[in-house]
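So this block is target_4.txt, compact mmCIF, C-alpha atoms:
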# COMPACT_ATOMS: atom_id res chain seq x y z
CA MET I 945 83.24 91.89 76.12
CA ASN I 946 81.19 88.84 77.07
CA PRO I 947 82.88 85.44 77.54
CA SER I 948 81.64 83.94 74.27
CA ARG I 949 83.03 86.83 72.20
CA SER I 950 86.26 86.73 74.18
CA LYS I 951 86.61 83.03 73.34
CA ALA I 952 85.83 83.69 69.68
CA LEU I 953 88.48 86.40 69.52
CA ALA I 954 91.03 84.11 71.18
CA ASP I 955 90.22 81.35 68.69
CA HIS I 956 90.79 83.86 65.88
CA LEU I 957 94.12 85.00 67.30
CA GLU I 958 95.40 81.43 67.49
CA SER I 959 95.69 81.45 63.71
CA PHE I 960 98.44 84.10 64.00
CA ILE I 961 100.81 82.01 66.14
CA THR I 962 102.64 78.74 65.58
CA ASP I 963 101.16 75.39 66.53
CA GLU I 964 103.97 74.98 69.05
CA ARG I 965 103.15 78.28 70.78
CA ARG I 966 99.42 77.47 70.82
CA GLU I 967 100.03 74.09 72.43
CA ARG I 968 102.39 75.65 74.94
CA ILE I 969 99.80 78.24 76.00
CA HIS I 970 97.19 75.53 76.56
CA GLU I 971 99.66 73.38 78.52
CA VAL I 972 100.77 76.26 80.76
CA LEU I 973 97.15 77.27 81.42
CA ARG I 974 96.46 73.73 82.57
CA TRP I 975 98.88 74.18 85.48
CA ARG I 976 98.23 77.84 86.36
CA THR I 977 96.84 78.60 89.81
CA ARG I 978 95.59 81.42 92.02
CA TRP I 979 95.18 79.07 94.98
CA LEU I 980 98.75 79.90 95.97
CA ARG I 981 100.02 83.48 95.59
CA VAL I 982 103.24 85.23 96.64
CA GLY I 983 103.88 88.56 98.34
CA LEU I 984 107.19 90.44 98.73
CA GLU I 985 107.78 93.14 101.32
CA ASP I 986 110.42 95.81 100.61
CA ILE I 987 112.85 93.73 98.55
CA PHE I 988 115.65 96.13 97.59
CA ASN I 989 117.75 94.00 95.22
CA PRO I 990 116.27 93.77 91.67
CA HIS I 991 118.16 90.51 91.19
CA ASN I 992 116.19 88.93 94.05
CA SER I 993 112.78 90.32 93.14
CA SER I 994 113.26 89.31 89.51
CA ALA I 995 114.35 85.81 90.51
CA VAL I 996 111.23 85.46 92.65
CA MET I 997 109.08 86.59 89.73
CA ARG I 998 110.76 84.01 87.53
CA SER I 999 110.18 81.25 90.09
CA CYS I 1000 106.51 82.23 90.39
CA GLU I 1001 106.04 81.94 86.63
CA ILE I 1002 107.91 78.64 86.38
CA PHE I 1003 105.88 77.07 89.18
CA GLY I 1004 102.57 78.30 87.77
CA VAL I 1005 101.79 81.00 90.34
CA GLN I 1006 99.80 83.64 88.50
CA GLN I 1007 99.80 86.49 91.03
CA LEU I 1008 102.65 88.29 92.74
CA TYR I 1009 102.18 91.21 95.15
CA THR I 1010 104.84 93.75 96.07
CA ILE I 1011 104.80 95.92 99.19
CA GLU I 1012 106.94 99.00 98.62
CA ASN I 1013 107.19 101.06 101.80
CA ARG I 1014 110.93 101.77 101.57
CA ASN I 1015 112.11 100.10 98.38
CA GLU I 1016 110.63 100.43 94.91
CA PHE I 1017 110.09 97.22 92.97
CA ARG I 1018 112.32 97.00 89.92
CA ARG I 1019 113.10 94.09 87.67
CA ASN I 1020 116.32 92.94 86.06
CA THR I 1021 115.61 91.57 82.58
CA GLU I 1022 118.67 89.34 82.62
CA ILE I 1023 117.26 87.52 85.66
CA ASP I 1024 113.55 87.86 84.97
CA MET I 1025 113.91 86.20 81.52
CA GLY I 1026 110.50 87.49 80.41
CA ALA I 1027 108.55 86.06 83.36
CA SER I 1028 106.80 89.40 83.94
CA LYS I 1029 105.07 88.95 80.58
CA TRP I 1030 103.04 86.00 81.82
CA ILE I 1031 102.11 86.70 85.45
CA GLU I 1032 100.14 89.45 87.17
CA LEU I 1033 101.83 91.91 89.50
CA SER I 1034 99.88 93.98 92.04
CA ARG I 1035 101.95 96.79 93.56
CA PHE I 1036 101.21 98.45 96.91
CA ASN I 1037 103.37 101.56 96.78
CA ASP I 1038 101.47 104.50 98.21
CA PRO I 1039 104.15 107.13 99.05
CA GLU I 1040 102.21 107.97 102.22
CA GLY I 1041 102.99 104.49 103.55
CA GLY I 1042 100.74 101.86 105.07
CA ASN I 1043 101.37 99.52 102.16
CA THR I 1044 101.86 96.40 104.27
CA GLU I 1045 98.48 96.90 105.95
CA ALA I 1046 96.84 97.66 102.59
CA CYS I 1047 98.26 94.56 100.91
CA LEU I 1048 97.31 92.22 103.74
CA ALA I 1049 93.80 93.69 103.87
CA HIS I 1050 93.46 93.18 100.13
CA LEU I 1051 94.64 89.58 100.33
CA LYS I 1052 92.16 88.79 103.09
CA SER I 1053 89.35 90.50 101.17
CA GLU I 1054 90.12 88.06 98.35
CA GLY I 1055 89.51 85.18 100.75
CA LEU I 1056 93.18 84.31 101.19
CA ARG I 1057 95.00 83.30 104.34
CA VAL I 1058 98.19 85.30 104.83
CA VAL I 1059 101.06 82.93 105.58
CA ALA I 1060 104.27 84.64 106.69
CA THR I 1061 107.66 83.03 106.22
CA SER I 1062 109.57 83.69 109.42
CA LEU I 1063 112.54 82.69 111.59
CA ARG I 1064 110.65 83.35 114.81
CA GLU I 1065 109.65 80.65 117.27
CA GLY I 1066 106.40 78.77 116.77
CA CYS I 1067 106.47 78.46 112.97
CA VAL I 1068 104.94 75.45 111.27
CA PRO I 1069 107.36 73.48 109.05
CA LEU I 1070 106.61 74.18 105.40
CA ASP I 1071 105.59 70.60 104.65
CA GLU I 1072 102.95 70.76 107.39
CA LEU I 1073 101.23 73.89 106.10
CA ASP I 1074 97.49 73.42 105.56
CA LEU I 1075 96.69 73.78 101.85
CA SER I 1076 92.94 73.22 102.09
CA THR I 1077 92.04 76.88 101.44
CA PRO I 1078 93.71 79.51 99.18
CA PHE I 1079 96.64 81.40 100.70
CA ALA I 1080 99.35 83.97 100.00
CA LEU I 1081 102.92 83.22 101.03
CA LEU I 1082 104.71 86.35 102.25
CA PHE I 1083 108.47 86.94 102.10
CA GLY I 1084 110.37 89.82 103.70
CA THR I 1085 113.27 92.04 102.80
CA GLU I 1086 116.85 90.82 102.61
CA GLU I 1087 118.63 90.42 105.97
CA LEU I 1088 115.72 91.62 108.15
CA GLY I 1089 112.83 89.54 106.85
CA LEU I 1090 109.21 90.55 107.30
CA SER I 1091 108.33 93.62 109.34
CA ASP I 1092 106.56 93.54 112.69
CA THR I 1093 103.50 94.88 110.90
CA ALA I 1094 103.51 91.91 108.53
CA HIS I 1095 103.95 89.49 111.41
CA GLU I 1096 101.09 91.08 113.33
CA GLY I 1097 98.78 90.91 110.32
CA ALA I 1098 99.63 87.37 109.25
CA ASP I 1099 97.29 84.47 109.95
CA GLU I 1100 99.95 81.76 110.08
CA PHE I 1101 103.73 81.34 110.11
CA VAL I 1102 105.90 78.84 108.29
CA GLN I 1103 109.58 78.07 108.12
CA ILE I 1104 111.74 76.03 105.77
CA PRO I 1105 113.68 73.49 107.89
CA MET I 1106 117.40 74.29 108.14
CA TYR I 1107 120.15 72.12 109.59
CA GLY I 1108 123.31 74.21 109.35
CA PHE I 1109 124.90 77.12 111.22
CA THR I 1110 123.60 79.67 108.70
CA ARG I 1111 120.16 80.76 109.81
CA SER I 1112 118.53 81.85 106.59
CA PHE I 1113 118.36 81.34 102.83
CA ASN I 1114 118.62 84.06 100.24
CA ILE I 1115 115.09 85.39 99.57
CA SER I 1116 114.98 84.07 96.00
CA VAL I 1117 116.21 80.65 97.11
CA SER I 1118 113.61 80.55 99.90
CA CYS I 1119 110.85 81.30 97.44
CA ALA I 1120 111.99 78.70 94.91
CA LEU I 1121 112.29 75.99 97.58
CA ALA I 1122 108.90 76.82 99.04
CA LEU I 1123 107.11 76.97 95.70
CA ARG I 1124 108.50 73.65 94.54
CA ALA I 1125 107.42 71.89 97.74
CA LEU I 1126 103.96 73.49 97.79
CA ARG I 1127 103.43 72.99 94.06
CA GLU I 1128 104.11 69.27 94.34
CA ARG I 1129 101.68 68.95 97.22
CA LEU I 1130 98.97 70.83 95.32
CA ASN I 1131 99.49 68.71 92.22
CA ALA I 1132 99.09 65.53 94.27
CA SER I 1133 95.93 66.78 95.99
CA ASP I 1134 92.30 66.77 94.92
CA LEU I 1135 91.92 70.46 95.82
CA PRO I 1136 90.29 72.75 93.20
CA TRP I 1137 93.49 74.72 92.63
CA ARG I 1138 93.17 75.13 88.85
CA LEU I 1139 91.84 78.29 87.19
CA ASP I 1140 88.11 78.40 86.56
CA PRO I 1141 87.05 78.29 82.88
CA ALA I 1142 86.32 82.03 82.56
CA ASP I 1143 89.65 82.96 84.12
CA ARG I 1144 91.48 80.52 81.88
CA GLU I 1145 89.84 81.96 78.76
CA ALA I 1146 90.69 85.53 79.79
CA LEU I 1147 94.32 84.57 80.30
CA ARG I 1148 94.41 82.70 77.00
CA LEU I 1149 93.30 85.84 75.17
CA LEU I 1150 95.86 87.98 77.00
CA TRP I 1151 98.74 85.58 76.35
CA LEU I 1152 97.80 85.24 72.69
CA ARG I 1153 97.93 89.01 72.29
CA LYS I 1154 101.32 89.12 73.97
CA SER I 1155 102.58 86.26 71.82
CA ILE I 1156 101.60 88.04 68.59
CA GLY I 1157 103.37 91.23 69.60
CA LYS I 1158 103.10 94.65 67.99
CA ARG I 1159 100.49 93.69 65.38
CA GLN I 1160 98.03 92.32 67.91
CA GLN I 1161 96.15 95.57 68.54
CA GLU I 1162 95.54 96.04 64.80
CA ILE I 1163 94.42 92.43 64.39
CA VAL I 1164 92.10 92.72 67.38
CA ALA I 1165 90.61 95.99 66.09
CA ASP I 1166 89.97 94.46 62.63
CA TRP I 1167 88.18 91.49 64.18
CA LEU I 1168 86.06 93.74 66.40
CA ARG I 1169 85.00 95.87 63.44
CA GLY I 1170 84.08 92.70 61.57
CA GLU I 1171 81.83 91.76 64.48
CA GLY I 1172 80.20 95.20 64.45
CA LEU I 1173 81.89 96.17 67.71
CA PRO I 1174 83.92 99.28 68.60
CA ALA I 1175 87.55 98.86 67.54
CA ASP I 1176 88.73 100.08 70.97
CA LEU I 1177 86.57 97.66 72.98
CA VAL I 1178 89.69 95.70 73.96
CA PRO I 1179 92.16 98.03 75.73
CA PRO I 1180 95.87 98.19 74.83
CA LEU I 1181 98.22 95.88 76.65
CA PRO I 1182 99.69 97.30 79.87
CA LYS I 1183 103.11 98.92 79.75
CA GLU I 1184 106.18 96.99 80.81
CA LEU I 1185 107.28 97.06 84.44
CA PRO I 1186 110.10 99.35 85.61
CA CYS I 1187 113.34 97.86 84.33
CA GLU I 1188 116.61 98.33 86.18
CA ALA I 1189 118.83 96.76 83.51
CA ARG I 1190 117.68 99.00 80.67
CA GLU I 1191 117.98 102.15 82.74
CA GLN I 1192 121.54 101.27 83.64
CA LYS I 1193 122.41 100.88 79.95
CA ARG I 1194 121.03 104.34 79.18
CA ARG I 1195 123.35 106.04 81.64

Could you show the structure in this file as structure tokens?
Amino acid sequence: MNPSRSKALADHLESFITDERRERIHEVLRWRTRWLRVGLEDIFNPHNSSAVMRSCEIFGVQQLYTIENRNEFRRNTEIDMGASKWIELSRFNDPEGGNTEACLAHLKSEGLRVVATSLREGCVPLDELDLSTPFALLFGTEELGLSDTAHEGADEFVQIPMYGFTRSFNISVSCALALRALRERLNASDLPWRLDPADREALRLLWLRKSIGKRQQEIVADWLRGEGLPADLVPPLPKELPCEAREQKRR
């Protein structure tokens, strides 16, 4: 569907939500970014991965990538708090392996620098990281951190300054601290970190559909038919992500 029709459909859908929700969608879109993205390698605790997803959404990071060589990504709804509804998750989980290489290659093909968080020598302090071009911030598994493969494929290395005996933060804490610091620097800059108009409109349509809920597909189909377009032109919403909490309750 072309951009003008997509905008017209979004404008139509806004009549099915409250004024408060409409204003909130526009406000959140104003701060959304793809300039900064986040990648997770082999996180095994759903609490941590879900907390990272929640931090990404809160700080306006639209894209999260998961590398699943040994551990499958799963979310905990009690921690996630619905964040997965509003951001995009790209999963690299080929059972044959090589997912770290595949993810890093994909990020670089998108024009992103791969910035690895690390405890090794030679890291740049987080507040000195160059923000002038888009980048993906990579975090590694609990206890061990990023793999050698991730280190070898990264373009740069950063570290959050630490002043105590304990040598590392919990992964979810690291991500939240890093995103807050980087977000504030982006906001204060004149870099073009905001979504482009077409991207913003596409997200507005998606979020409106998700805000309406179960009736949205019927409403969309009716509008399409009224425009003389196929009722299935707009595909169904994607299924929910794997959910650890619900599966536990079923047992």

Residue neighbourhood range 1162-1175 of chain I, 10 Å, all atoms listed in the file, exclusion window fewer than 6 positions, as a ChimeraX atom specification: /I:945,949,952-954,956-957,960,1153,1156

Keeping only C-alpha atoms, take the residues you just selected and write them out as an mmCIF file, keeping the file's coordinate frame.
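Okay, selection_0.cif is ready:
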data_model
loop_
_atom_site.group_PDB
_atom_site.id
_atom_site.type_symbol
_atom_site.label_atom_id
_atom_site.label_comp_id
_atom_site.auth_asym_id
_atom_site.auth_seq_id
_atom_site.Cartn_x
_atom_site.Cartn_y
_atom_site.Cartn_z
ATOM 1 C CA MET I 945 83.240 91.890 76.120
ATOM 2 C CA ARG I 949 83.030 86.830 72.200
ATOM 3 C CA ALA I 952 85.830 83.690 69.680
ATOM 4 C CA LEU I 953 88.480 86.400 69.520
ATOM 5 C CA ALA I 954 91.030 84.110 71.180
ATOM 6 C CA HIS I 956 90.790 83.860 65.880
ATOM 7 C CA LEU I 957 94.120 85.000 67.300
ATOM 8 C CA PHE I 960 98.440 84.100 64.000
ATOM 9 C CA ARG I 1153 97.930 89.010 72.290
ATOM 10 C CA ILE I 1156 101.600 88.040 68.590
#

Selection: 8 Å around range 1107-1122 of chain I, all atoms listed in the file, excl. self and same-chain fewer than 3 positions, as a PyMOL selection string: chain I and resi 992-993+995-996+999-1000+1063+1070+1083-1086+1104+1125-1126

Separation of CA of Ser959 in chain I from CA of Asp1176 in chain I in Å: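 CA of Ser959 in chain I lies 21.2 Å from CA of Asp1176 in chain I.
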
For Lys951 in chain I: contacts at 9 Å, only C-alpha atoms, fewer than 6 positions along chain excluded, given as a PyMOL selection string: chain I and resi 1145-1146+1148-1149

Closest of I:Leu1051, I:Leu1075, I:Val1102, I:Leu1088 to Tyr1009 in chain I - atom-to-atom distances counting all atoms listed in the file: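 So, comparing all the options, the nearest one is I:Leu1051.
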